[in-house]
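Trainee: Dumping the structure here so I can ask a few things about it.
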Amino acid sequence: MPPIVNHLKTSMERTGKEYKDVHEWIDGDPAKKAERHDITKISEYGKMIEEKYGKEAHQEYIQHLHDDIKAKFNHIQHDLEKTISDTLAYFGVK
Ligand SMILES: [Zn+2]
């Protein structure tokens, strides 16, 4: 998943603000990181973030999860394509 610095940059591009507190809340604590990326908690956490930082921060929280999912699946797709290609080559399949 993208490091915090990438999230700050994309928030800045989208909104003109980094939303550092939001991104650090999501990614900063290794013990809570998985829980804070749990999409079944998006309503609860989104509301909490909106109350503390505003409506735009709420959207940046959702966008953070979106960007992480996209990056993760791009990585999985890359690994899968390489595994398939290596396996086909191993058996001489072209
Ligand atoms: Zn993240």
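Ligands are numbered from 1 in the order shown, chains are lettered A, B, ... in the order of the structure tokens, and residues start at 1 in each chain.
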Taking only C-alpha atoms and all ligand atoms into account, which residues are within 6 Å of ligand 1, as a PyMOL selection string?

Mentor: chain A and resi 26-27+68

Trainee: Restricting the output to C-alpha atoms, write the selected residues as a PDB file, in the first residue's frame.

Mentor:
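New file result.pdb:
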ATOM      1  CA  ILE A  26      -5.285   5.399   9.275  1.00  0.00           C
ATOM      2  CA  ASP A  27      -1.685   4.199   8.712  1.00  0.00           C
ATOM      3  CA  ASP A  68      -4.825   1.341  -0.960  1.00  0.00           C
TER       4      ASP A  68
END

Trainee: Please, which residues of chain A, numbered as in this document, come out helix (DSSP H, G or I) from DSSP, as number ranges by chain?

Mentor: A: 4-15, 20-27, 33-36, 39-53, 55-90

Trainee: Could you pull the residues within 10 Å of Lys20 (chain A), counting only C-alpha atoms, minus those fewer than 5 positions along the same chain, as a PDB file with C-alpha atoms, in the first residue's frame?

Mentor:
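In the end it all went to result.pdb:
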ATOM      1  CA  ILE A   4       1.735   8.057   4.035  1.00  0.00           C
ATOM      2  CA  VAL A   5       3.775  10.548   2.014  1.00  0.00           C
ATOM      3  CA  HIS A   7      -1.408   9.850   0.455  1.00  0.00           C
ATOM      4  CA  LEU A   8      -0.436  13.374   1.544  1.00  0.00           C
ATOM      5  CA  LYS A   9       0.597  14.190  -2.012  1.00  0.00           C
ATOM      6  CA  SER A  11      -4.771  14.646  -1.020  1.00  0.00           C
ATOM      7  CA  MET A  12      -2.871  17.856  -1.778  1.00  0.00           C
ATOM      8  CA  TRP A  25      -4.617   8.074  11.937  1.00  0.00           C
ATOM      9  CA  ILE A  26      -5.285   5.399   9.275  1.00  0.00           C
ATOM     10  CA  ALA A  57     -11.565  14.877   5.384  1.00  0.00           C
TER      11      ALA A  57
END

Trainee: Applying 8 Å and only C-alpha atoms, which residues near region 41-49 of chain A remain after dropping the ones on its own chain fewer than 3 positions away? List them as a PDB file with N, CA and C atoms, in the first residue's frame.

Mentor:
ATOM      1  N   VAL A  22      -5.478  12.754   9.191  1.00  0.00           N
ATOM      2  CA  VAL A  22      -6.347  11.656   8.747  1.00  0.00           C
ATOM      3  C   VAL A  22      -5.495  10.471   8.283  1.00  0.00           C
ATOM      4  N   ARG A  36      -8.300  -0.068  10.931  1.00  0.00           N
ATOM      5  CA  ARG A  36      -8.638   1.228  10.329  1.00  0.00           C
ATOM      6  C   ARG A  36      -8.777   1.157   8.807  1.00  0.00           C
ATOM      7  N   ASP A  38     -10.504  -1.491   7.616  1.00  0.00           N
ATOM      8  CA  ASP A  38     -11.647  -2.405   7.521  1.00  0.00           C
ATOM      9  C   ASP A  38     -12.842  -1.660   6.920  1.00  0.00           C
ATOM     10  N   LYS A  52     -14.625  15.381  13.435  1.00  0.00           N
ATOM     11  CA  LYS A  52     -13.372  15.956  13.933  1.00  0.00           C
ATOM     12  C   LYS A  52     -12.704  16.886  12.912  1.00  0.00           C
ATOM     13  N   TYR A  53     -12.733  16.506  11.614  1.00  0.00           N
ATOM     14  CA  TYR A  53     -11.938  17.240  10.617  1.00  0.00           C
ATOM     15  C   TYR A  53     -12.750  17.821   9.462  1.00  0.00           C
ATOM     16  N   GLY A  54     -14.034  17.475   9.378  1.00  0.00           N
ATOM     17  CA  GLY A  54     -14.859  18.049   8.313  1.00  0.00           C
ATOM     18  C   GLY A  54     -15.186  17.074   7.196  1.00  0.00           C
ATOM     19  N   ALA A  57     -12.435  15.883   4.751  1.00  0.00           N
ATOM     20  CA  ALA A  57     -11.565  14.877   5.384  1.00  0.00           C
ATOM     21  C   ALA A  57     -12.210  13.499   5.314  1.00  0.00           C
ATOM     22  N   HIS A  58     -13.524  13.470   5.484  1.00  0.00           N
ATOM     23  CA  HIS A  58     -14.274  12.215   5.358  1.00  0.00           C
ATOM     24  C   HIS A  58     -14.029  11.614   3.972  1.00  0.00           C
ATOM     25  N   TYR A  61     -10.544  10.227   3.663  1.00  0.00           N
ATOM     26  CA  TYR A  61     -10.448   8.921   4.341  1.00  0.00           C
ATOM     27  C   TYR A  61     -10.905   7.810   3.388  1.00  0.00           C
ATOM     28  N   ILE A  62     -12.048   8.007   2.737  1.00  0.00           N
ATOM     29  CA  ILE A  62     -12.555   7.004   1.791  1.00  0.00           C
ATOM     30  C   ILE A  62     -11.598   6.872   0.599  1.00  0.00           C
TER      31      ILE A  62
END

Trainee: In Å, with one decimal, what is the gap from CA of Leu88 (chain A) to CA of Lys70 (chain A)?

Mentor: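 Computing the Euclidean distance for CA of Leu88 (chain A) and CA of Lys70 (chain A) yields 26.8 Å.
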
Trainee: Take CA of Asp29 (chain A) and CA of Asn74 (chain A) and report the distance between them in Å, one decimal.

Mentor: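 These atoms are spaced 24.3 Å apart.
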
Trainee: Determine the nearest neighbour of Thr40 (chain A) from the options A:Leu65, A:Thr10, A:Glu81, A:Tyr90, counting only C-alpha atoms.

Mentor: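 The closest residue to Thr40 (chain A) is A:Leu65.
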
Trainee: Kindly give the distance, in Å, that separates CA of Ala34 (chain A) and CA of Ala71 (chain A), rounded to a single decimal.

Mentor: 15.6 Å
